[in-house]
Structures are given as C-alpha cells and as structure tokens.
Amino acid sequence: MGEVVIRVVLGHRGTLVRGALAAVLAKETDLDVVAELDRTDDVLPSVARRPDVVLLDPQLPGKVGIEDLCRKLTGRGVLVLIDHEAIAATSLALVKQAPRIGLIATDATTDQLIQAIRDVAKGLPVVDVRLAVAALKAGDNPLTDRECEVLRQVTTGATAQEIARTLSLSAGTVRNYLSRILAKTGARSRIEAIRKAQDAGWI
C-alpha cells in the first residue's frame, strides 16, 4: 500500500505567509495543499476538494465569522493558527470548541505544525496549553466576532467606507457596528473603545 496523503486546505489573509506555509507543507510527501484561500467565504465551498484538514488564520476576512466557520466544518479536521501574544475574543470562542478543532500557536516550529496537521487528520486533539490559558484569562467578551473584526480595522485608521469594503459590508452596517461597540464598551470615542478592548485582550 502507498503512503496515505493528507489533503489540506490553507486559509490565510497574508499572501506571503500563505505562500510560505504552502511551500513548507508541499515538501512533505504525505501532505497535499489542495487549495489556498484568502477569505472565509471560500472555505466552505473548498470542502468539495475533500480536504482532510483545514488550516486557518483566525483573522481571515470575509462574511463568515471564523467561529461560525469552524462550527460548520463538521467532519473535517480543523487546525487554527493563533498568536498567543494577541489573544482576542475569537481565540476564547475557539478554545471553547477544542478539542473538536485544533489550536496551534503561530510561533510553533515547522515540525510542530506538520505533526499537528497529521494528528488532526487522525482525529487526535491538538491544543496549545498557553493559548488555552491566555484565552481563558481574557475573559468573556461582550463584542461579537464581527464587532471585533470591525474594531481591529478601526485600529488601522480605516474609515467606515474602507472597513465596509474590506469586510464586504455596507457603510451603514459598519456604522451600526461602531455604535454598538461604543455602547458595549462604555467608550465615548473609537480610540477609547480600542484602548478598552486591547486592555481586556478582546482584540
């Protein structure tokens, strides 16, 4: 019998990082990257390529939130790359889905990532303890995934119109999100909302 090949769908917002990860995985004889994606909207359709593992960046942009996406990827191994230095609400929500989905830190070694993909493909749990502890310490976040996405965009100095284009929303919807963010954080300005959210580890 030949070697079993693990089919991988790779979703990452960064073109350079995505390409580098794909190149690293392609060197392994038992791994085959069948799709490289830059938006959450394209992940579910990619299931038609019969991936064994879906490797995801939690800040992948798109209309589908990463938490919802992970819930919908039933029957597939899911491994999420998370920066343990920037634990946010999304990370906490994802930790709560473990061990159904795997979590690995972005500072993991190449060998650790490859082994994690192999383990997830076998149905074994992959959870970075530091991520779990840091996410739980961040506490419950009053902001939804999409509100966190909008607020992260605000930190870049983007206008409501620019945020709308990036997240495929209308400018009016973005303004509604911003109003809710201010109300939930008790902030008087976007800058104050950003500071409160960052201090609490929500974004």
# chains A, B, ... in the order shown; residues from 1 in each chain; ligands from 1

$ select_by_dssp --residues "region 101-202 of chain A" --states "strand (DSSP E or B)" --output "PyMOL selection string"
chain A and resi 102-105+127

$ residues_around --residues "region 72-78 of chain A" --least-positions-apart "5" --cutoff "6 Å" --atoms "only C-alpha atoms" --output "PyMOL selection string"
chain A and resi 52-54+101-102+120-121

$ closest_residue --among "A:Ala98, A:Leu113, A:Ile104, A:Val154" --to "Arg130 (chain A)" --atoms "only C-alpha atoms"
A:Ile104

$ closest_atom_pairs --of "region 98-119 of chain A" --to "region 21-40 of chain A" --cutoff "10 Å" --atoms "only C-alpha atoms" --output "tab-separated table"
residue	atom	partner	partner_atom	distance
A:Thr110	CA	A:Val24	CA	7.7
A:Asp111	CA	A:Val24	CA	9.9
A:Leu113	CA	A:Leu25	CA	9.2
A:Ile114	CA	A:Leu25	CA	7.2
A:Ile117	CA	A:Leu31	CA	8.9
A:Arg118	CA	A:Leu31	CA	8.6

$ closest_residue --among "A:Ala48, A:Val133, A:Leu151, A:Ala20" --to "Glu192 (chain A)" --atoms "only C-alpha atoms"
A:Leu151

$ closest_residue --among "A:Asp107, A:Glu147, A:Asp119, A:Asp41" --to "Leu60 (chain A)" --atoms "only C-alpha atoms"
A:Asp41

$ atom_distance --atom1 "CA of Ala193 (chain A)" --atom2 "CA of Asn141 (chain A)"
12.9 Å

$ select_by_dssp --residues "region 7-171 of chain A" --states "alpha helix (DSSP H)" --output "PyMOL selection string"
chain A and resi 15-26+66-72+89-95+110-121+129-137+145-155+160-167+171

$ closest_residue --among "A:Ile194, A:Val4, A:Val47, A:Leu16" --to "Ile181 (chain A)" --atoms "only C-alpha atoms"
A:Ile194

$ residues_around --residues "Thr159 (chain A)" --least-positions-apart "2" --cutoff "12 Å" --atoms "only C-alpha atoms" --output "PDB file with N, CA, C and O atoms, in the first residue's frame"
ATOM      1  N   VAL A 150     -14.462  44.572  13.088  1.00  0.00           N
ATOM      2  CA  VAL A 150     -14.638  45.987  12.756  1.00  0.00           C
ATOM      3  C   VAL A 150     -13.692  46.843  13.592  1.00  0.00           C
ATOM      4  O   VAL A 150     -13.020  47.747  13.068  1.00  0.00           O
ATOM      5  N   LEU A 151     -13.614  46.554  14.892  1.00  0.00           N
ATOM      6  CA  LEU A 151     -12.754  47.355  15.766  1.00  0.00           C
ATOM      7  C   LEU A 151     -11.279  47.180  15.413  1.00  0.00           C
ATOM      8  O   LEU A 151     -10.496  48.137  15.476  1.00  0.00           O
ATOM      9  N   ARG A 152     -10.894  45.963  15.008  1.00  0.00           N
ATOM     10  CA  ARG A 152      -9.497  45.762  14.569  1.00  0.00           C
ATOM     11  C   ARG A 152      -9.200  46.606  13.338  1.00  0.00           C
ATOM     12  O   ARG A 152      -8.096  47.144  13.189  1.00  0.00           O
ATOM     13  N   GLN A 153     -10.180  46.709  12.456  1.00  0.00           N
ATOM     14  CA  GLN A 153      -9.996  47.544  11.265  1.00  0.00           C
ATOM     15  C   GLN A 153      -9.846  49.012  11.654  1.00  0.00           C
ATOM     16  O   GLN A 153      -9.062  49.750  11.047  1.00  0.00           O
ATOM     17  N   VAL A 154     -10.587  49.435  12.678  1.00  0.00           N
ATOM     18  CA  VAL A 154     -10.509  50.827  13.142  1.00  0.00           C
ATOM     19  C   VAL A 154      -9.096  51.146  13.621  1.00  0.00           C
ATOM     20  O   VAL A 154      -8.599  52.262  13.443  1.00  0.00           O
ATOM     21  N   THR A 155      -8.424  50.160  14.223  1.00  0.00           N
ATOM     22  CA  THR A 155      -7.065  50.397  14.736  1.00  0.00           C
ATOM     23  C   THR A 155      -6.087  50.744  13.617  1.00  0.00           C
ATOM     24  O   THR A 155      -5.037  51.331  13.867  1.00  0.00           O
ATOM     25  N   THR A 156      -6.433  50.382  12.370  1.00  0.00           N
ATOM     26  CA  THR A 156      -5.552  50.690  11.239  1.00  0.00           C
ATOM     27  C   THR A 156      -5.779  52.104  10.719  1.00  0.00           C
ATOM     28  O   THR A 156      -5.076  52.555   9.816  1.00  0.00           O
ATOM     29  N   GLY A 157      -6.804  52.789  11.286  1.00  0.00           N
ATOM     30  CA  GLY A 157      -7.122  54.135  10.825  1.00  0.00           C
ATOM     31  C   GLY A 157      -8.091  54.144   9.662  1.00  0.00           C
ATOM     32  O   GLY A 157      -8.351  55.196   9.060  1.00  0.00           O
ATOM     33  N   GLN A 161     -16.171  53.593   5.364  1.00  0.00           N
ATOM     34  CA  GLN A 161     -16.282  53.141   3.973  1.00  0.00           C
ATOM     35  C   GLN A 161     -15.200  52.105   3.643  1.00  0.00           C
ATOM     36  O   GLN A 161     -15.469  51.103   2.971  1.00  0.00           O
ATOM     37  N   GLU A 162     -13.986  52.347   4.123  1.00  0.00           N
ATOM     38  CA  GLU A 162     -12.887  51.412   3.865  1.00  0.00           C
ATOM     39  C   GLU A 162     -13.110  50.086   4.592  1.00  0.00           C
ATOM     40  O   GLU A 162     -12.853  49.009   4.042  1.00  0.00           O
ATOM     41  N   ILE A 163     -13.610  50.167   5.822  1.00  0.00           N
ATOM     42  CA  ILE A 163     -13.911  48.950   6.581  1.00  0.00           C
ATOM     43  C   ILE A 163     -14.996  48.162   5.866  1.00  0.00           C
ATOM     44  O   ILE A 163     -14.934  46.935   5.762  1.00  0.00           O
ATOM     45  N   ALA A 164     -15.998  48.878   5.367  1.00  0.00           N
ATOM     46  CA  ALA A 164     -17.108  48.234   4.649  1.00  0.00           C
ATOM     47  C   ALA A 164     -16.589  47.452   3.446  1.00  0.00           C
ATOM     48  O   ALA A 164     -16.996  46.314   3.205  1.00  0.00           O
ATOM     49  N   ARG A 165     -15.673  48.067   2.694  1.00  0.00           N
ATOM     50  CA  ARG A 165     -15.125  47.390   1.511  1.00  0.00           C
ATOM     51  C   ARG A 165     -14.317  46.153   1.912  1.00  0.00           C
ATOM     52  O   ARG A 165     -14.436  45.096   1.299  1.00  0.00           O
ATOM     53  N   THR A 166     -13.512  46.289   2.959  1.00  0.00           N
ATOM     54  CA  THR A 166     -12.662  45.182   3.402  1.00  0.00           C
ATOM     55  C   THR A 166     -13.480  43.987   3.875  1.00  0.00           C
ATOM     56  O   THR A 166     -13.149  42.833   3.593  1.00  0.00           O
ATOM     57  N   ALA A 171     -21.562  50.602   4.362  1.00  0.00           N
ATOM     58  CA  ALA A 171     -21.023  51.591   5.299  1.00  0.00           C
ATOM     59  C   ALA A 171     -21.997  51.803   6.454  1.00  0.00           C
ATOM     60  O   ALA A 171     -21.585  52.001   7.606  1.00  0.00           O
ATOM     61  N   GLY A 172     -23.298  51.731   6.167  1.00  0.00           N
ATOM     62  CA  GLY A 172     -24.307  51.888   7.210  1.00  0.00           C
ATOM     63  C   GLY A 172     -24.218  50.784   8.255  1.00  0.00           C
ATOM     64  O   GLY A 172     -24.334  51.037   9.462  1.00  0.00           O
ATOM     65  N   VAL A 174     -21.544  49.087   8.988  1.00  0.00           N
ATOM     66  CA  VAL A 174     -20.319  49.318   9.769  1.00  0.00           C
ATOM     67  C   VAL A 174     -20.579  50.370  10.839  1.00  0.00           C
ATOM     68  O   VAL A 174     -20.175  50.216  11.996  1.00  0.00           O
ATOM     69  N   ARG A 175     -21.293  51.443  10.473  1.00  0.00           N
ATOM     70  CA  ARG A 175     -21.588  52.495  11.462  1.00  0.00           C
ATOM     71  C   ARG A 175     -22.461  51.947  12.595  1.00  0.00           C
ATOM     72  O   ARG A 175     -22.288  52.316  13.753  1.00  0.00           O
ATOM     73  N   LEU A 178     -20.195  50.075  14.879  1.00  0.00           N
ATOM     74  CA  LEU A 178     -19.401  51.002  15.681  1.00  0.00           C
ATOM     75  C   LEU A 178     -20.225  51.571  16.828  1.00  0.00           C
ATOM     76  O   LEU A 178     -19.721  51.740  17.950  1.00  0.00           O
ATOM     77  N   ARG A 190     -14.039  56.131  19.463  1.00  0.00           N
ATOM     78  CA  ARG A 190     -13.467  54.908  18.902  1.00  0.00           C
ATOM     79  C   ARG A 190     -12.107  54.613  19.515  1.00  0.00           C
ATOM     80  O   ARG A 190     -11.767  53.451  19.771  1.00  0.00           O
TER      81      ARG A 190
END

$ atom_distance --atom1 "CA of Gln198 (chain A)" --atom2 "CA of Lys96 (chain A)"
20.7 Å

$ closest_residue --among "A:Ser170, A:Leu94, A:Arg50, A:Ala116" --to "Glu67 (chain A)" --atoms "only C-alpha atoms"
A:Leu94

$ closest_residue --among "A:Leu169, A:Ala160, A:Leu143, A:Val64" --to "Leu182 (chain A)" --atoms "only C-alpha atoms"
A:Leu143

$ atom_distance --atom1 "CA of Thr106 (chain A)" --atom2 "CA of Trp202 (chain A)"
18.1 Å

$ decode --residues "region 140-151 of chain A" --atoms "N, CA, C and O atoms" --output "JSON list (two decimals), in the first residue's frame"
[["chain", "number", "residue", "atom", "x", "y", "z"],
["A", 140, "ASP", "N", -14.77, 36.73, 29.29],
["A", 140, "ASP", "CA", -15.85, 36.82, 28.32],
["A", 140, "ASP", "C", -15.89, 38.20, 27.70],
["A", 140, "ASP", "O", -15.82, 39.22, 28.39],
["A", 141, "ASN", "N", -16.04, 38.22, 26.41],
["A", 141, "ASN", "CA", -16.01, 39.46, 25.64],
["A", 141, "ASN", "C", -17.44, 39.83, 25.24],
["A", 141, "ASN", "O", -18.14, 39.01, 24.66],
["A", 142, "PRO", "N", -17.88, 41.06, 25.52],
["A", 142, "PRO", "CA", -19.24, 41.47, 25.14],
["A", 142, "PRO", "C", -19.38, 41.68, 23.63],
["A", 142, "PRO", "O", -20.50, 41.75, 23.11],
["A", 143, "LEU", "N", -18.24, 41.77, 22.92],
["A", 143, "LEU", "CA", -18.28, 42.04, 21.49],
["A", 143, "LEU", "C", -18.40, 40.74, 20.70],
["A", 143, "LEU", "O", -17.81, 39.73, 21.05],
["A", 144, "THR", "N", -19.16, 40.79, 19.62],
["A", 144, "THR", "CA", -19.27, 39.64, 18.73],
["A", 144, "THR", "C", -18.01, 39.52, 17.87],
["A", 144, "THR", "O", -17.19, 40.45, 17.83],
["A", 145, "ASP", "N", -17.86, 38.41, 17.17],
["A", 145, "ASP", "CA", -16.72, 38.23, 16.27],
["A", 145, "ASP", "C", -16.64, 39.37, 15.27],
["A", 145, "ASP", "O", -15.57, 39.93, 15.03],
["A", 146, "ARG", "N", -17.79, 39.70, 14.67],
["A", 146, "ARG", "CA", -17.79, 40.74, 13.63],
["A", 146, "ARG", "C", -17.47, 42.11, 14.22],
["A", 146, "ARG", "O", -16.76, 42.91, 13.60],
["A", 147, "GLU", "N", -17.95, 42.38, 15.43],
["A", 147, "GLU", "CA", -17.63, 43.66, 16.07],
["A", 147, "GLU", "C", -16.14, 43.75, 16.36],
["A", 147, "GLU", "O", -15.53, 44.82, 16.20],
["A", 148, "CYS", "N", -15.54, 42.63, 16.75],
["A", 148, "CYS", "CA", -14.08, 42.62, 16.96],
["A", 148, "CYS", "C", -13.35, 42.88, 15.65],
["A", 148, "CYS", "O", -12.35, 43.61, 15.62],
["A", 149, "GLU", "N", -13.84, 42.28, 14.57],
["A", 149, "GLU", "CA", -13.23, 42.49, 13.25],
["A", 149, "GLU", "C", -13.29, 43.96, 12.88],
["A", 149, "GLU", "O", -12.30, 44.54, 12.40],
["A", 150, "VAL", "N", -14.46, 44.57, 13.09],
["A", 150, "VAL", "CA", -14.64, 45.99, 12.76],
["A", 150, "VAL", "C", -13.69, 46.84, 13.59],
["A", 150, "VAL", "O", -13.02, 47.75, 13.07],
["A", 151, "LEU", "N", -13.61, 46.55, 14.89],
["A", 151, "LEU", "CA", -12.75, 47.36, 15.77],
["A", 151, "LEU", "C", -11.28, 47.18, 15.41],
["A", 151, "LEU", "O", -10.50, 48.14, 15.48]]
